[in-house]
>>> print(open('input.txt').read())   # compact mmCIF, C-alpha atoms
# COMPACT_ATOMS: atom_id res chain seq x y z
CA MET A 1 171.67 121.14 48.96
CA GLN A 2 170.57 119.36 52.14
CA VAL A 3 168.92 120.10 55.48
CA ASP A 4 167.91 118.25 58.64
CA LEU A 5 164.32 118.17 59.90
CA ASN A 6 163.88 118.10 63.68
CA ALA A 7 160.95 118.07 66.11
CA ASP A 8 160.51 118.59 69.84
CA MET A 9 158.95 115.52 71.44
CA GLY A 10 158.81 113.21 74.45
CA GLU A 11 156.62 115.84 76.11
CA SER A 12 153.80 113.61 77.34
CA PHE A 13 153.51 113.00 81.09
CA GLY A 14 152.04 109.84 82.60
CA PRO A 15 148.55 109.32 81.09
CA TRP A 16 148.53 112.86 79.64
CA LYS A 17 149.53 112.78 75.97
CA MET A 18 151.20 115.62 74.07
CA GLY A 19 151.60 115.20 70.32
CA ASP A 20 152.06 112.11 68.17
CA ASP A 21 155.74 111.28 68.51
CA ALA A 22 155.53 107.93 66.74
CA ALA A 23 154.06 109.56 63.62
CA LEU A 24 156.59 112.42 63.66
CA LEU A 25 159.45 109.94 63.88
CA ASN A 26 158.42 108.58 60.49
CA THR A 27 159.23 111.99 58.95
CA VAL A 28 161.92 113.85 60.91
CA THR A 29 165.64 113.10 60.93
CA SER A 30 166.41 114.46 64.43
CA ALA A 31 164.40 114.33 67.67
CA ASN A 32 164.73 116.74 70.60
CA ILE A 33 163.52 114.71 73.57
CA ALA A 34 162.34 116.33 76.82
CA CYS A 35 164.26 115.44 79.97
CA GLY A 36 161.57 115.81 82.64
CA ALA A 37 161.98 119.46 83.65
CA HIS A 38 159.52 121.25 81.38
CA ALA A 39 157.78 118.05 80.24
CA GLY A 40 158.15 114.30 79.91
CA ASP A 41 158.88 111.52 82.38
CA PRO A 42 161.25 108.52 82.43
CA ASP A 43 158.80 106.17 80.69
CA VAL A 44 158.05 108.70 77.95
CA MET A 45 161.75 109.42 77.48
CA ALA A 46 162.55 105.70 77.16
CA THR A 47 159.71 105.04 74.73
CA THR A 48 160.52 108.04 72.53
CA MET A 49 164.23 107.28 72.43
CA GLY A 50 163.48 103.65 71.63
CA ILE A 51 161.34 104.55 68.60
CA ALA A 52 163.92 107.10 67.42
CA LEU A 53 166.65 104.47 67.68
CA GLU A 54 164.54 101.98 65.71
CA LYS A 55 163.82 104.56 62.99
CA GLY A 56 167.43 105.74 62.73
CA VAL A 57 166.52 109.26 63.86
CA GLY A 58 169.23 111.37 65.53
CA ILE A 59 168.55 111.69 69.27
CA GLY A 60 168.97 114.98 71.09
CA THR A 61 168.34 116.19 74.62
CA HIS A 62 165.92 119.09 75.09
CA PRO A 63 166.50 120.86 78.43
CA GLY A 64 164.22 123.68 79.56
CA PHE A 65 163.23 125.60 82.65
CA PRO A 66 162.04 123.37 85.53
CA ASP A 67 158.42 124.38 84.94
CA ILE A 68 156.06 121.52 84.10
CA GLN A 69 152.94 123.55 84.87
CA GLY A 70 154.02 126.27 82.42
CA PHE A 71 155.41 123.77 79.88
CA GLY A 72 158.71 125.65 80.03
CA ARG A 73 157.21 128.62 78.20
CA ARG A 74 157.25 131.07 81.11
CA ARG A 75 160.28 133.32 81.42
CA ILE A 76 161.89 132.50 84.75
CA GLN A 77 164.61 134.50 86.45
CA MET A 78 166.92 132.17 88.37
CA PRO A 79 170.59 132.28 89.37
CA LEU A 80 172.80 131.18 86.48
CA ALA A 81 174.54 128.61 88.69
CA SER A 82 171.19 127.00 89.54
CA LEU A 83 170.14 127.05 85.90
CA GLN A 84 173.43 125.42 84.91
CA ASN A 85 172.93 122.65 87.47
CA SER A 86 169.40 122.05 86.20
CA ILE A 87 170.73 121.69 82.65
CA ARG A 88 173.46 119.29 83.80
CA CYS A 89 170.84 117.11 85.52
CA GLN A 90 168.61 117.08 82.46
CA VAL A 91 171.44 116.23 80.09
CA GLY A 92 172.65 113.56 82.50
CA ALA A 93 169.21 111.94 82.62
CA SER A 94 169.10 111.89 78.84
CA LEU A 95 172.57 110.36 78.58
CA GLY A 96 171.76 107.70 81.17
CA MET A 97 168.56 106.63 79.43
CA ALA A 98 170.22 106.56 76.03
CA ALA A 99 173.09 104.43 77.34
CA ALA A 100 170.62 101.96 78.82
CA LEU A 101 168.91 101.64 75.43
CA GLY A 102 172.14 101.35 73.44
CA ALA A 103 171.49 104.74 71.85
CA GLU A 104 173.59 107.88 71.45
CA VAL A 105 172.68 111.48 72.29
CA ARG A 106 174.01 113.53 69.37
CA HIS A 107 172.80 117.05 70.12
CA ILE A 108 171.46 119.48 72.69
CA LYS A 109 168.75 122.07 72.03
CA LEU A 110 167.32 124.50 74.59
CA HIS A 111 163.53 124.55 74.96
CA GLY A 112 160.85 127.21 75.05
CA ALA A 113 161.36 130.34 77.12
CA LEU A 114 164.92 129.28 77.91
CA GLY A 115 165.61 129.10 74.20
CA ASN A 116 164.01 132.48 73.58
CA MET A 117 165.89 134.20 76.42
CA THR A 118 169.24 132.77 75.34
CA SER A 119 168.58 133.89 71.76
CA GLU A 120 168.60 137.45 73.15
CA ASP A 121 171.32 137.17 75.84
CA GLU A 122 174.74 135.87 74.77
CA ASP A 123 176.09 135.57 78.33
CA MET A 124 173.09 133.48 79.38
CA ALA A 125 173.43 131.32 76.27
CA ARG A 126 177.13 130.77 76.94
CA ALA A 127 176.43 129.74 80.54
CA CYS A 128 173.79 127.24 79.44
CA TYR A 129 176.02 125.79 76.74
CA GLU A 130 178.99 125.55 79.11
CA ALA A 131 176.81 123.54 81.49
CA ALA A 132 175.49 121.28 78.74
CA LEU A 133 178.98 120.65 77.36
CA SER A 134 180.37 119.95 80.82
CA ALA A 135 177.94 117.01 80.98
CA HIS A 136 178.27 115.98 77.33
CA PRO A 137 181.43 117.44 75.73
CA ASP A 138 180.94 115.74 72.35
CA SER A 139 177.43 117.02 71.67
CA ILE A 140 176.35 119.32 68.84
CA LEU A 141 174.58 122.48 70.00
CA VAL A 142 171.44 123.28 68.00
CA VAL A 143 171.27 127.07 67.95
CA LEU A 144 168.73 129.58 66.70
CA ALA A 145 170.39 130.89 63.55
CA ALA A 146 171.79 134.43 63.56
CA THR A 147 171.04 135.03 67.26
CA ALA A 148 172.99 135.29 70.52
CA GLN A 149 172.83 131.49 70.75
CA GLU A 150 174.95 131.15 67.64
CA ARG A 151 177.40 133.80 68.84
CA ALA A 152 177.76 131.97 72.17
CA ALA A 153 178.40 128.62 70.48
CA ARG A 154 181.03 130.18 68.21
CA SER A 155 182.74 131.86 71.18
CA LEU A 156 183.07 128.45 72.86
CA GLY A 157 184.51 126.81 69.77
CA ALA A 158 181.75 124.22 70.03
CA ARG A 159 180.21 122.17 67.24
CA PHE A 160 176.81 123.57 66.39
CA ALA A 161 173.95 123.37 63.90
CA THR A 162 171.95 126.44 62.87
CA GLU A 163 168.18 126.12 63.12
CA ILE A 164 165.13 127.84 61.68
CA PHE A 165 161.46 127.18 62.45
CA ALA A 166 158.86 125.95 59.99
CA ASP A 167 155.90 126.97 62.13
CA ARG A 168 156.98 130.28 63.66
CA ALA A 169 157.14 133.88 62.41
CA TYR A 170 160.33 135.95 62.74
CA ASN A 171 161.23 139.39 64.02
CA ASP A 172 163.80 141.49 62.16
CA ASP A 173 166.55 140.52 64.66
CA ALA A 174 166.08 136.78 63.84
CA THR A 175 164.26 136.10 67.12
CA LEU A 176 160.82 134.50 67.12
CA VAL A 177 157.63 136.55 67.25
CA ASP A 178 156.03 136.28 70.69
CA ARG A 179 153.49 133.43 70.75
CA ARG A 180 150.89 135.79 72.21
CA LEU A 181 150.85 137.88 69.05
CA PRO A 182 148.64 137.15 66.00
CA GLY A 183 150.40 135.16 63.30
CA ALA A 184 153.26 134.08 65.56
CA VAL A 185 152.47 130.39 65.07
CA ILE A 186 151.90 129.05 61.55
CA HIS A 187 149.16 126.42 61.29
CA ASP A 188 148.95 126.05 57.50
CA ALA A 189 151.00 122.99 56.47
CA ASP A 190 151.27 124.02 52.81
CA LEU A 191 152.46 127.50 53.76
CA ALA A 192 155.05 126.03 56.13
CA GLY A 193 156.46 123.85 53.36
CA LYS A 194 156.66 126.68 50.82
CA ARG A 195 158.35 129.13 53.20
CA MET A 196 160.96 126.55 54.22
CA VAL A 197 161.89 125.90 50.59
CA GLU A 198 162.20 129.64 50.05
CA MET A 199 164.44 130.12 53.10
CA VAL A 200 166.65 127.08 52.47
CA LYS A 201 167.20 128.05 48.83
CA ALA A 202 167.98 131.64 49.84
CA GLN A 203 170.05 130.50 52.86
CA ALA A 204 168.32 133.27 54.74
CA ILE A 205 165.68 133.86 57.38
CA ILE A 206 162.79 135.81 55.87
CA THR A 207 161.09 137.87 58.56
CA ASP A 208 157.50 139.04 58.89
CA SER A 209 158.48 142.38 57.38
CA GLY A 210 160.17 140.72 54.39
CA LYS A 211 163.72 141.35 55.60
CA ARG A 212 166.27 138.69 54.63
CA ILE A 213 168.90 137.69 57.18
CA GLU A 214 171.58 135.64 55.47
CA THR A 215 172.56 132.50 57.40
CA PRO A 216 173.53 128.90 56.77
CA ILE A 217 170.57 126.64 57.58
CA ASP A 218 171.44 123.20 58.95
CA THR A 219 168.12 122.12 60.44
CA ILE A 220 164.42 123.01 60.43
CA CYS A 221 162.23 122.58 63.51
CA CYS A 222 158.59 121.56 63.49
CA HIS A 223 157.08 121.80 66.98
CA GLY A 224 155.54 118.51 68.11
CA ASP A 225 152.84 119.96 70.37
CA THR A 226 150.51 121.61 67.82
CA PRO A 227 147.47 119.82 66.32
CA GLU A 228 148.99 120.21 62.85
CA ALA A 229 152.49 119.01 63.79
CA VAL A 230 152.47 115.76 61.81
CA GLN A 231 150.96 117.44 58.75
CA ILE A 232 153.42 120.34 58.88
CA ALA A 233 156.45 118.06 59.18
CA ALA A 234 155.22 115.89 56.28
CA SER A 235 154.51 118.96 54.12
CA VAL A 236 157.93 120.47 54.83
CA ARG A 237 159.76 117.25 53.97
CA ARG A 238 157.66 116.58 50.87
CA THR A 239 158.09 120.13 49.56
CA LEU A 240 161.84 120.19 50.20
CA GLU A 241 162.42 116.88 48.47
CA ALA A 242 160.24 117.91 45.52
CA GLU A 243 162.66 120.82 45.03
CA GLY A 244 165.70 118.53 45.09
CA ILE A 245 166.73 119.38 48.66
CA ALA A 246 167.88 116.25 50.52
CA VAL A 247 166.56 115.77 54.07
CA GLN A 248 169.14 114.10 56.31
CA THR A 249 170.65 114.34 59.77
CA PHE A 250 173.02 117.28 60.30
CA LYS A 251 176.73 116.79 60.96
CA GLY A 252 177.44 120.01 62.89
CA ARG A 253 179.86 122.83 62.09
CA THR A 254 182.51 124.82 63.96
CA ARG A 255 182.41 127.99 61.86
>>> encode(input="input.txt", output="structure tokens")
Amino acid sequence: MQVDLNADMGESFGPWKMGDDAALLNTVTSANIACGAHAGDPDVMATTMGIALEKGVGIGTHPGFPDIQGFGRRRIQMPLASLQNSIRCQVGASLGMAAALGAEVRHIKLHGALGNMTSEDEDMARACYEAALSAHPDSILVVLAATAQERAARSLGARFATEIFADRAYNDDATLVDRRLPGAVIHDADLAGKRMVEMVKAQAIITDSGKRIETPIDTICCHGDTPEAVQIAASVRRTLEAEGIAVQTFKGRTR
């Protein structure tokens, strides 16, 4: 049994620092790096990609709504064509920086509110993935397991990897509990590790109500912007490996 461990990062901006990317890159096997729309800037992108390349961590692009002030976590209604063009620009920036560094962008994962909205709306997810793949046809789509994102990826015949979250609670439809609600974000590193072992062994999402949603699990996300991010990622990896579950970069699937 094996699973990938990913984290969102590259979200600092100029002198303003978000998270400890260098520390996370000692633990995770895939990195979702911001492209400048919801967070990040060219220097941060270059630095983060450079460390990931040095550490042998899989590099991914992390497009979100063009909303730096809201950190990409505000639901924005915009024409799908405009959203698609924004995604193409973000993926293109990521590809250009990676090429300059001699690195490869392996995967694409939608950020924040964009990720949440596309987990509920298959047509929106398909439009976003079509845009991303038009810029980077060989990429692996990281999709929220058992949601509209996965259905969209399957409908496109794209390579994808199914993802669950170590530090977020789940609704009974496999979507994430709204961050504004109590208990939506998990801050206890030991608890995060134990629940990930339980879900990976069961190959199921276990919701807040105790419901089990069967799904293959290819990768686990630890958000990089919480104070406990480094501790949670380390706990998850340590607990998985203690149970004989290998932690390594995902390969992607088509079914």
>>> closest_atom_pairs(input="input.txt", of="region 142-227 of chain A", to="region 242-252 of chain A", cutoff="8 Å", atoms="only C-alpha atoms", output="JSON lines")
{"residue": "A:Arg159", "atom": "CA", "partner": "A:Gly252", "partner_atom": "CA", "distance": 5.6}
{"residue": "A:Phe160", "atom": "CA", "partner": "A:Gly252", "partner_atom": "CA", "distance": 5.0}
{"residue": "A:Ala161", "atom": "CA", "partner": "A:Gly252", "partner_atom": "CA", "distance": 4.9}
{"residue": "A:Val197", "atom": "CA", "partner": "A:Glu243", "partner_atom": "CA", "distance": 7.6}
{"residue": "A:Asp218", "atom": "CA", "partner": "A:Phe250", "partner_atom": "CA", "distance": 6.3}
{"residue": "A:Thr219", "atom": "CA", "partner": "A:Phe250", "partner_atom": "CA", "distance": 6.9}
>>> atom_distance(input="input.txt", atom1="CA of Glu122 (chain A)", atom2="CA of His223 (chain A)")
23.9 Å
>>> atom_distance(input="input.txt", atom1="CA of Thr215 (chain A)", atom2="CA of Thr162 (chain A)")
8.2 Å
>>> closest_residue(input="input.txt", among="A:Lys201, A:Arg168, A:Arg75, A:Lys109", to="Ala153 (chain A)", atoms="all atoms listed in the file")
A:Lys109
>>> residues_around(input="input.txt", residues="Arg88 (chain A)", least_positions_apart="3", cutoff="6 Å", atoms="all atoms listed in the file", output="list in words")
Asn85, Val91, Gly92, Ala131, Ala132 and Ala135 of chain A
>>> atom_distance(input="input.txt", atom1="CA of Ser82 (chain A)", atom2="CA of Ala127 (chain A)")
10.8 Å
>>> residues_near_point(input="input.txt", point="(169.1, 104.5, 71.0)", cutoff="9 Å", atoms="only C-alpha atoms", output="ChimeraX atom specification")
/A:49-54,56-59,97-105
>>> closest_residue(input="input.txt", among="A:Thr175, A:Ser12, A:Asn26, A:Thr118", to="Val230 (chain A)", atoms="all atoms listed in the file")
A:Asn26
>>> closest_residue(input="input.txt", among="A:Phe165, A:Arg195, A:Phe13, A:Ala146", to="Thr47 (chain A)", atoms="only C-alpha atoms")
A:Phe13
>>> closest_residue(input="input.txt", among="A:Asp123, A:Asp8, A:Glu163, A:Glu130", to="Leu144 (chain A)", atoms="only C-alpha atoms")
A:Glu163
>>> residues_around(input="input.txt", residues="Ile87 (chain A)", least_positions_apart="5", cutoff="12 Å", atoms="only C-alpha atoms", output="PyMOL selection string")
chain A and resi 34-38+61-66+80-82+92-94+108-111+114+125+127-136
>>> axis_aligned_box(input="input.txt", around="region 8-18 of chain A", padding_each_side="5 Å", output="JSON")
{"center_x": 154.5, "center_y": 114.0, "center_z": 76.2, "size_x": 22.0, "size_y": 19.3, "size_z": 22.8}
>>> closest_residue(input="input.txt", among="A:Gln203, A:Ser86, A:Asn171, A:Ser139", to="Gln2 (chain A)", atoms="all atoms listed in the file")
A:Gln203
>>> closest_residue(input="input.txt", among="A:Thr254, A:Val185, A:Ala113, A:Asp43", to="Leu156 (chain A)", atoms="all atoms listed in the file")
A:Thr254
>>> residues_around(input="input.txt", residues="Leu5 (chain A)", least_positions_apart="4", cutoff="6 Å", atoms="all atoms listed in the file", output="VMD selection string")
chain A and resid 28 to 29 219 to 220
